[in-house]
$ cat query_22.csv   # CSV, C-alpha atoms
chain,number,residue,atom,x,y,z
A,1,MET,CA,73.4,151.1,85.3
A,2,ALA,CA,70.4,149.0,86.2
A,3,LEU,CA,68.3,147.7,83.3
A,4,HIS,CA,64.6,148.6,83.3
A,5,LEU,CA,63.5,145.2,82.1
A,6,GLN,CA,60.3,145.3,80.1
A,7,ARG,CA,57.6,142.6,79.7
A,8,LEU,CA,56.5,142.7,76.1
A,9,LEU,CA,52.9,142.0,75.1
A,10,SER,CA,53.0,142.8,71.4
A,11,VAL,CA,55.0,144.3,68.6
A,12,GLU,CA,54.0,146.1,65.4
A,13,LEU,CA,55.9,147.4,62.4
A,14,HIS,CA,54.0,150.0,60.3
A,15,ASN,CA,54.8,151.5,56.8
A,16,ALA,CA,56.4,148.2,55.8
A,17,GLY,CA,54.5,147.6,52.6
A,18,ASP,CA,57.8,146.9,50.8
A,19,ALA,CA,58.7,144.0,53.2
A,20,GLU,CA,58.5,140.4,52.3
A,21,SER,CA,59.0,139.3,55.9
A,22,VAL,CA,59.8,140.8,59.3
A,23,GLU,CA,61.4,139.1,62.4
A,24,PHE,CA,62.4,140.1,65.9
A,25,VAL,CA,65.4,138.5,67.5
A,26,PHE,CA,65.6,138.7,71.3
A,27,ASP,CA,68.8,138.8,73.4
A,28,ASP,CA,68.4,135.1,74.3
A,29,GLY,CA,68.5,134.1,70.6
A,30,ALA,CA,64.7,133.5,70.3
A,31,VAL,CA,63.4,134.5,66.8
A,32,HIS,CA,59.8,135.6,66.3
A,33,GLN,CA,58.3,136.0,62.8
A,34,LEU,CA,55.7,138.7,62.5
A,35,SER,CA,52.4,138.2,60.6
A,36,ARG,CA,51.3,140.5,57.8
A,37,SER,CA,48.1,142.4,58.4
A,38,PRO,CA,45.5,141.0,55.9
A,39,ASP,CA,44.1,144.5,55.1
A,40,GLY,CA,47.1,145.4,52.9
A,41,ARG,CA,48.1,148.5,55.0
A,42,GLY,CA,51.8,147.4,55.3
A,43,ILE,CA,51.5,146.4,59.0
A,44,PHE,CA,53.3,143.5,60.5
A,45,TYR,CA,52.4,142.3,64.0
A,46,LYS,CA,52.9,139.7,66.7
A,47,PHE,CA,50.9,139.2,69.9
A,48,PHE,CA,52.6,137.0,72.6
A,49,ASP,CA,50.7,134.4,74.5
A,50,GLN,CA,52.8,135.2,77.6
A,51,PRO,CA,54.7,138.5,78.2
A,52,LEU,CA,58.3,138.2,77.1
A,53,THR,CA,61.0,139.9,79.2
A,54,PHE,CA,63.9,141.3,77.3
A,55,ALA,CA,67.0,143.5,77.8
A,56,ARG,CA,67.8,144.0,74.1
A,57,LEU,CA,66.2,143.0,70.8
A,58,SER,CA,66.6,143.7,67.1
A,59,VAL,CA,64.3,143.9,64.2
A,60,SER,CA,65.2,143.0,60.6
A,61,VAL,CA,63.2,143.3,57.3
A,62,ARG,CA,63.6,141.2,54.2
A,63,ARG,CA,62.4,142.7,50.9
A,64,PRO,CA,61.5,140.8,47.7
A,65,ARG,CA,64.3,140.0,45.4
A,66,GLN,CA,66.9,141.1,47.9
A,67,PRO,CA,69.8,138.7,48.6
A,68,SER,CA,69.9,139.7,52.3
A,69,SER,CA,67.9,141.5,55.0
A,70,ASP,CA,68.2,145.2,55.7
A,71,LYS,CA,70.6,146.0,58.5
A,72,PRO,CA,68.9,145.1,61.8
A,73,PHE,CA,67.6,147.8,64.1
A,74,THR,CA,68.4,147.4,67.7
A,75,ILE,CA,66.3,148.5,70.7
A,76,THR,CA,67.2,148.2,74.3
A,77,CYS,CA,64.9,148.0,77.3
A,78,ASP,CA,66.3,151.3,78.7
A,79,ALA,CA,65.3,153.0,75.4
A,80,VAL,CA,61.8,151.6,75.8
A,81,ALA,CA,61.6,152.8,79.4
A,82,SER,CA,62.8,156.3,78.6
A,83,LYS,CA,60.0,156.8,75.9
A,84,LEU,CA,57.2,154.8,77.4
A,85,GLN,CA,53.8,156.5,77.3
A,86,GLY,CA,51.3,154.5,79.4
A,87,ASN,CA,52.0,150.9,78.3
A,88,GLU,CA,53.1,151.9,74.8
A,89,PHE,CA,56.5,152.6,73.2
A,90,ARG,CA,57.0,154.1,69.7
A,91,CYS,CA,60.0,154.8,67.7
A,92,ARG,CA,61.0,155.6,64.1
A,93,TRP,CA,63.2,153.4,62.0
A,94,ASN,CA,63.7,155.5,58.9
A,95,SER,CA,60.2,155.7,57.3
A,96,ARG,CA,58.9,152.8,59.4
A,97,LEU,CA,57.2,153.0,62.8
A,98,ILE,CA,57.8,150.4,65.5
A,99,ILE,CA,55.2,150.1,68.3
A,100,PHE,CA,55.6,148.0,71.5
A,101,LYS,CA,52.9,147.3,74.1
A,102,VAL,CA,54.3,146.3,77.5
A,103,VAL,CA,52.8,145.1,80.8
A,104,PRO,CA,52.1,148.3,82.8
A,105,GLN,CA,53.5,148.4,86.3
A,106,CYS,CA,50.1,149.1,88.0
A,107,ILE,CA,47.6,146.9,86.2
A,108,PRO,CA,46.2,144.0,88.1
A,109,VAL,CA,47.4,140.6,87.0
A,110,GLY,CA,44.0,138.8,86.8
A,111,VAL,CA,40.8,139.7,84.9
A,112,PRO,CA,37.7,138.6,86.8
A,113,SER,CA,35.3,136.1,85.3
A,114,PRO,CA,31.5,136.7,85.4
A,115,SER,CA,31.1,134.8,88.7
A,116,GLU,CA,33.7,137.1,90.3
A,117,SER,CA,32.1,140.2,88.7
A,118,MET,CA,28.8,140.0,90.6
A,119,SER,CA,30.4,141.6,93.7
A,120,THR,CA,32.1,145.0,93.3
A,121,ASP,CA,34.2,144.3,96.4
A,122,SER,CA,36.0,141.3,94.8
A,123,GLY,CA,39.7,141.3,95.7
A,124,SER,CA,40.6,141.3,92.0
A,125,LEU,CA,38.8,144.6,91.6
A,126,GLN,CA,40.6,146.6,94.3
A,127,ILE,CA,43.1,148.2,91.9
A,128,GLY,CA,43.4,148.9,88.2
A,129,PRO,CA,41.3,150.5,85.5
A,130,ARG,CA,37.8,149.7,84.4
A,131,TYR,CA,37.7,146.4,82.7
A,132,ARG,CA,36.6,146.4,79.0
A,133,ILE,CA,34.9,143.1,78.2
A,134,LEU,CA,33.6,141.8,74.9
A,135,ILE,CA,30.6,139.4,75.5
A,136,PHE,CA,30.4,137.1,72.5
A,137,GLY,CA,27.6,134.6,71.8
A,138,GLN,CA,24.8,133.4,69.6
A,139,THR,CA,21.3,135.0,69.7
A,140,GLY,CA,19.2,133.7,72.6
A,141,VAL,CA,22.2,132.2,74.6
A,142,GLY,CA,21.6,134.6,77.5
A,143,LYS,CA,24.0,137.4,77.0
A,144,SER,CA,21.5,140.1,78.1
A,145,SER,CA,20.8,138.2,81.4
A,146,LEU,CA,24.5,137.9,82.0
A,147,ILE,CA,25.0,141.6,81.3
A,148,ASN,CA,22.2,142.5,83.7
A,149,GLN,CA,23.7,140.4,86.4
A,150,VAL,CA,27.2,141.9,86.0
A,151,LEU,CA,26.0,145.5,85.8
A,152,GLY,CA,23.7,144.9,88.9
A,153,ARG,CA,20.5,146.2,87.3
A,154,GLU,CA,17.9,145.5,84.6
A,155,ALA,CA,20.1,147.3,82.2
A,156,ALA,CA,17.9,149.5,80.1
A,157,ARG,CA,21.0,150.3,78.0
A,158,VAL,CA,21.5,146.7,77.0
A,159,GLU,CA,20.6,146.1,73.4
A,160,ASN,CA,17.8,143.6,72.6
A,161,ASP,CA,19.4,140.2,72.3
A,162,ARG,CA,18.1,139.6,68.8
A,163,SER,CA,20.2,139.3,65.6
A,164,GLY,CA,21.0,142.6,64.1
A,165,LYS,CA,20.0,144.6,67.2
A,166,ALA,CA,23.2,144.6,69.3
A,167,ASP,CA,25.8,147.2,68.5
A,168,ILE,CA,29.2,145.9,69.3
A,169,ASN,CA,30.7,149.4,69.5
A,170,LYS,CA,28.2,150.6,72.1
A,171,GLU,CA,29.6,150.8,75.7
A,172,LEU,CA,27.3,149.2,78.3
A,173,THR,CA,27.9,150.6,81.8
A,174,SER,CA,26.1,151.1,85.1
A,175,PRO,CA,26.7,153.2,88.2
A,176,GLU,CA,25.9,150.1,90.3
A,177,ASN,CA,29.0,148.4,89.0
A,178,ASP,CA,31.3,151.0,87.5
A,179,ARG,CA,34.3,148.6,87.2
A,180,PHE,CA,33.1,147.3,83.8
A,181,ILE,CA,32.6,148.5,80.3
A,182,LEU,CA,30.8,145.7,78.4
A,183,HIS,CA,30.4,145.3,74.6
A,184,ASP,CA,27.7,143.0,73.3
A,185,SER,CA,28.5,141.2,70.1
A,186,GLN,CA,25.9,140.6,67.5
A,187,GLY,CA,24.2,137.2,67.5
A,188,PHE,CA,25.6,134.6,65.2
A,189,GLU,CA,23.0,133.2,62.8
A,190,PRO,CA,23.7,130.3,60.3
A,191,ALA,CA,23.5,132.5,57.2
A,192,GLU,CA,25.2,135.6,58.6
A,193,SER,CA,29.0,135.0,58.2
A,194,ASP,CA,29.5,138.8,58.2
A,195,ASN,CA,29.0,138.9,62.0
A,196,HIS,CA,32.2,136.8,62.4
A,197,LYS,CA,34.0,139.5,60.4
A,198,VAL,CA,32.4,142.3,62.5
A,199,VAL,CA,33.7,140.7,65.7
A,200,LYS,CA,37.2,140.2,64.3
A,201,ALA,CA,37.4,143.8,63.0
A,202,PHE,CA,36.3,145.1,66.4
A,203,ILE,CA,39.0,143.1,68.2
A,204,GLU,CA,41.7,144.3,65.8
A,205,ARG,CA,40.7,147.9,66.2
A,206,ARG,CA,40.8,147.6,70.0
A,207,LYS,CA,44.3,146.0,69.8
A,208,MET,CA,45.6,149.0,67.9
A,209,MET,CA,44.3,151.6,70.4
A,210,ARG,CA,47.1,153.4,72.2
A,211,ASN,CA,45.4,153.9,75.6
A,212,LEU,CA,45.2,150.8,77.9
A,213,ARG,CA,41.7,151.8,78.9
A,214,ASP,CA,40.4,151.6,75.3
A,215,GLN,CA,41.8,148.1,74.7
A,216,LEU,CA,40.0,144.9,75.4
A,217,HIS,CA,40.9,143.3,78.7
A,218,ALA,CA,39.0,140.0,78.3
A,219,VAL,CA,36.5,138.2,76.1
A,220,TRP,CA,33.7,136.2,77.6
A,221,LEU,CA,32.5,133.5,75.1
A,222,CYS,CA,29.0,132.4,75.9
A,223,PHE,CA,27.7,129.0,75.0
A,224,GLN,CA,24.3,127.6,76.1
A,225,VAL,CA,24.6,124.3,78.1
A,226,THR,CA,23.1,121.7,75.9
A,227,ILE,CA,20.4,119.3,77.2
A,228,PRO,CA,20.8,115.5,76.6
A,229,THR,CA,18.3,114.0,74.0
A,230,HIS,CA,17.3,117.5,72.8
A,231,GLY,CA,19.6,117.4,69.8
A,232,GLU,CA,21.4,120.7,70.7
A,233,ARG,CA,24.9,121.2,69.5
A,234,PRO,CA,27.3,122.7,72.1
A,235,LEU,CA,29.2,124.7,69.4
A,236,GLU,CA,27.8,126.4,66.3
A,237,GLU,CA,29.8,126.7,63.1
A,238,HIS,CA,30.9,130.3,63.5
A,239,ALA,CA,31.9,129.7,67.2
A,240,GLU,CA,34.0,126.8,66.1
A,241,ILE,CA,35.8,129.0,63.6
A,242,PHE,CA,36.2,131.7,66.2
A,243,LEU,CA,37.7,129.3,68.7
A,244,LYS,CA,40.1,127.7,66.2
A,245,GLU,CA,41.3,131.2,65.3
A,246,ALA,CA,41.3,132.6,68.8
A,247,LYS,CA,45.0,132.3,69.3
A,248,ILE,CA,45.6,134.4,66.2
A,249,ILE,CA,42.7,136.8,66.6
A,250,LEU,CA,43.0,137.5,70.3
A,251,GLY,CA,46.7,137.5,70.9
A,252,ASN,CA,47.3,138.0,74.6
A,253,ILE,CA,43.6,138.9,75.4
A,254,PRO,CA,42.3,136.5,78.2
A,255,VAL,CA,39.4,134.3,77.2
A,256,ILE,CA,36.8,133.0,79.6
A,257,VAL,CA,34.1,130.6,78.4
A,258,VAL,CA,30.7,131.1,80.0
A,259,PHE,CA,28.3,128.2,79.9
A,260,THR,CA,24.9,129.8,80.3
A,261,LYS,CA,21.5,128.3,81.3
A,262,TYR,CA,23.2,125.8,83.6
A,263,ASP,CA,20.0,125.6,85.6
A,264,ARG,CA,18.3,123.9,82.7
A,265,LEU,CA,20.7,121.1,82.9
A,266,LEU,CA,20.3,120.7,86.6
A,267,THR,CA,16.5,120.7,86.2
A,268,PHE,CA,16.8,117.9,83.6
A,269,MET,CA,19.1,115.8,85.8
A,270,ARG,CA,16.8,116.2,88.8
A,271,ALA,CA,13.8,115.1,86.7
A,272,LYS,CA,15.5,111.8,85.8
A,273,ARG,CA,14.9,110.6,89.5
A,274,LYS,CA,17.1,107.6,89.3
A,275,GLY,CA,18.5,108.0,92.8
A,276,LYS,CA,21.8,109.5,91.6
A,277,ASP,CA,23.2,112.9,92.6
A,278,PRO,CA,21.8,115.4,90.0
A,279,GLU,CA,24.5,118.0,90.8
A,280,GLN,CA,27.2,115.5,90.3
A,281,GLU,CA,25.6,114.1,87.1
A,282,ALA,CA,25.2,117.7,85.7
A,283,ALA,CA,28.9,118.5,86.5
A,284,GLN,CA,30.1,115.4,84.8
A,285,TYR,CA,27.9,116.0,81.7
A,286,LEU,CA,29.1,119.6,81.5
A,287,LYS,CA,32.7,118.4,81.6
A,288,THR,CA,32.3,115.7,79.0
A,289,ASN,CA,30.0,117.4,76.5
A,290,CYS,CA,30.8,121.1,76.9
A,291,ILE,CA,34.1,121.8,78.5
A,292,ASP,CA,36.1,119.0,76.8
A,293,ALA,CA,34.4,120.0,73.5
A,294,ILE,CA,35.6,123.6,73.8
A,295,ARG,CA,39.1,122.4,74.7
A,296,ASN,CA,39.3,120.1,71.7
A,297,VAL,CA,38.0,122.7,69.2
A,298,SER,CA,40.2,125.5,70.6
A,299,GLY,CA,43.3,123.3,71.2
A,300,ASP,CA,43.7,125.0,74.6
A,301,GLN,CA,43.5,122.5,77.5
A,302,ASN,CA,43.8,125.4,80.0
A,303,ILE,CA,41.0,127.6,78.8
A,304,LEU,CA,39.1,129.1,81.7
A,305,HIS,CA,35.4,128.5,82.1
A,306,VAL,CA,32.5,129.3,84.4
A,307,GLU,CA,28.8,128.1,84.6
A,308,PHE,CA,26.1,130.7,84.8
A,309,SER,CA,22.4,130.1,85.7
A,310,CYS,CA,19.9,132.7,84.6
A,311,GLU,CA,16.2,133.0,83.7
A,312,ILE,CA,15.6,134.0,80.1
$ encode --input "query_22.csv" --output "structure tokens"
Amino acid sequence: MALHLQRLLSVELHNAGDAESVEFVFDDGAVHQLSRSPDGRGIFYKFFDQPLTFARLSVSVRRPRQPSSDKPFTITCDAVASKLQGNEFRCRWNSRLIIFKVVPQCIPVGVPSPSESMSTDSGSLQIGPRYRILIFGQTGVGKSSLINQVLGREAARVENDRSGKADINKELTSPENDRFILHDSQGFEPAESDNHKVVKAFIERRKMMRNLRDQLHAVWLCFQVTIPTHGERPLEEHAEIFLKEAKIILGNIPVIVVFTKYDRLLTFMRAKRKGKDPEQEAAQYLKTNCIDAIRNVSGDQNILHVEFSCEI
């Protein structure tokens, strides 16, 4: 009988409050330790950077003051295929609940960046569901202008881009570009560390949602392009924390960094008038002072990025 190989995105074990540790062992011998949810609800989870293909795996639980783990519970890919609902598989292991999320067969592989999103006939948008995107950035960075460009209108439904005004749970949509559901994060201000917690909680809630359409498909991280001699920092304190934790917080959610107000940098370079190519100078400055800075802070040398020019 042919195996229905599955590509695993994430695993969760619920009702495991009595567990000290939880691990999954794949048929190739790879062992993955699950993380405990910080909210104390007895949930262990693991989000994979790249989907893992498996034919069989087992889960084992170790409880405090026990000399050995509980007897492992084995799951085959055929069992997953037979009970798959959408992209989610659920099964009971005594009183515990195991949840897998797998790569659906019909979802497009790529998620478009903002530059690809301006046209609704982009090749990457020809199939698949509406993309649910979280737009994350500090107050005044240009999130509202980006949202207006993507939605193809002066979006009256876009929240004011001022601290405390944006509601991260509100769905921003437009009939002019119905491929997207956007969420605008609150602006990050120096004394408002609670906003970092709000974003993290929103992402965690979306990860736990059963339907693929309700989950986040990508995060656009917006940073204003800094201007030389203006004393502007490319990364604020909370953004640095978010980037450093991105691998843990986002799991397999794609991240695209959007450098906004790129036109300001071009204007500055043109005003220097030293006979050099302003476009080339701007591109080099962006790479050295913005792109490389993001890569160093995040620890991800392959993080995707795009420049965006807008009038604020």
$ atom_distance --input "query_22.csv" --atom1 "CA of Val225 in chain A" --atom2 "CA of Gln149 in chain A"
18.1 Å
$ closest_residue --input "query_22.csv" --among "A:Leu221, A:Ile249, A:Met208, A:Ile75" --to "Gly142 in chain A" --atoms "all atoms listed in the file"
A:Leu221
$ residues_around --input "query_22.csv" --residues "Asn169 in chain A" --least-positions-apart "2" --cutoff "8 Å" --atoms "all atoms listed in the file" --output "ChimeraX atom specification"
/A:167,171,183,202
$ residues_near_point --input "query_22.csv" --point "(25.9, 139.0, 75.5)" --cutoff "10 Å" --atoms "all atoms listed in the file" --output "PyMOL selection string"
chain A and resi 134-148+158-161+166+168+182-187+220-222
$ write_last_selection --input "query_22.csv" --atoms "C-alpha atoms" --output "mmCIF file, in the coordinates of the input"
data_model
loop_
_atom_site.group_PDB
_atom_site.id
_atom_site.type_symbol
_atom_site.label_atom_id
_atom_site.label_comp_id
_atom_site.auth_asym_id
_atom_site.auth_seq_id
_atom_site.Cartn_x
_atom_site.Cartn_y
_atom_site.Cartn_z
ATOM 1 C CA LEU A 134 33.600 141.800 74.900
ATOM 2 C CA ILE A 135 30.600 139.400 75.500
ATOM 3 C CA PHE A 136 30.400 137.100 72.500
ATOM 4 C CA GLY A 137 27.600 134.600 71.800
ATOM 5 C CA GLN A 138 24.800 133.400 69.600
ATOM 6 C CA THR A 139 21.300 135.000 69.700
ATOM 7 C CA GLY A 140 19.200 133.700 72.600
ATOM 8 C CA VAL A 141 22.200 132.200 74.600
ATOM 9 C CA GLY A 142 21.600 134.600 77.500
ATOM 10 C CA LYS A 143 24.000 137.400 77.000
ATOM 11 C CA SER A 144 21.500 140.100 78.100
ATOM 12 C CA SER A 145 20.800 138.200 81.400
ATOM 13 C CA LEU A 146 24.500 137.900 82.000
ATOM 14 C CA ILE A 147 25.000 141.600 81.300
ATOM 15 C CA ASN A 148 22.200 142.500 83.700
ATOM 16 C CA VAL A 158 21.500 146.700 77.000
ATOM 17 C CA GLU A 159 20.600 146.100 73.400
ATOM 18 C CA ASN A 160 17.800 143.600 72.600
ATOM 19 C CA ASP A 161 19.400 140.200 72.300
ATOM 20 C CA ALA A 166 23.200 144.600 69.300
ATOM 21 C CA ILE A 168 29.200 145.900 69.300
ATOM 22 C CA LEU A 182 30.800 145.700 78.400
ATOM 23 C CA HIS A 183 30.400 145.300 74.600
ATOM 24 C CA ASP A 184 27.700 143.000 73.300
ATOM 25 C CA SER A 185 28.500 141.200 70.100
ATOM 26 C CA GLN A 186 25.900 140.600 67.500
ATOM 27 C CA GLY A 187 24.200 137.200 67.500
ATOM 28 C CA TRP A 220 33.700 136.200 77.600
ATOM 29 C CA LEU A 221 32.500 133.500 75.100
ATOM 30 C CA CYS A 222 29.000 132.400 75.900
#
$ closest_residue --input "query_22.csv" --among "A:Ile181, A:Leu286, A:Val198, A:Val11" --to "Arg130 in chain A" --atoms "only C-alpha atoms"
A:Ile181
$ residues_around --input "query_22.csv" --residues "Phe180 in chain A" --least-positions-apart "4" --cutoff "8 Å" --atoms "only C-alpha atoms" --output "PDB file with C-alpha atoms, in the frame of the given file"
ATOM      1  CA  ARG A 130      37.800 149.700  84.400  1.00  0.00           C
ATOM      2  CA  TYR A 131      37.700 146.400  82.700  1.00  0.00           C
ATOM      3  CA  ARG A 132      36.600 146.400  79.000  1.00  0.00           C
ATOM      4  CA  ILE A 133      34.900 143.100  78.200  1.00  0.00           C
ATOM      5  CA  LEU A 151      26.000 145.500  85.800  1.00  0.00           C
ATOM      6  CA  THR A 173      27.900 150.600  81.800  1.00  0.00           C
TER       7      THR A 173
END
$ residues_around --input "query_22.csv" --residues "Val31 in chain A" --least-positions-apart "4" --cutoff "10 Å" --atoms "only C-alpha atoms" --output "PyMOL selection string"
chain A and resi 23-27+57-59
$ closest_residue --input "query_22.csv" --among "A:Ala16, A:Leu172, A:Val255, A:Leu265" --to "Ser95 in chain A" --atoms "only C-alpha atoms"
A:Ala16
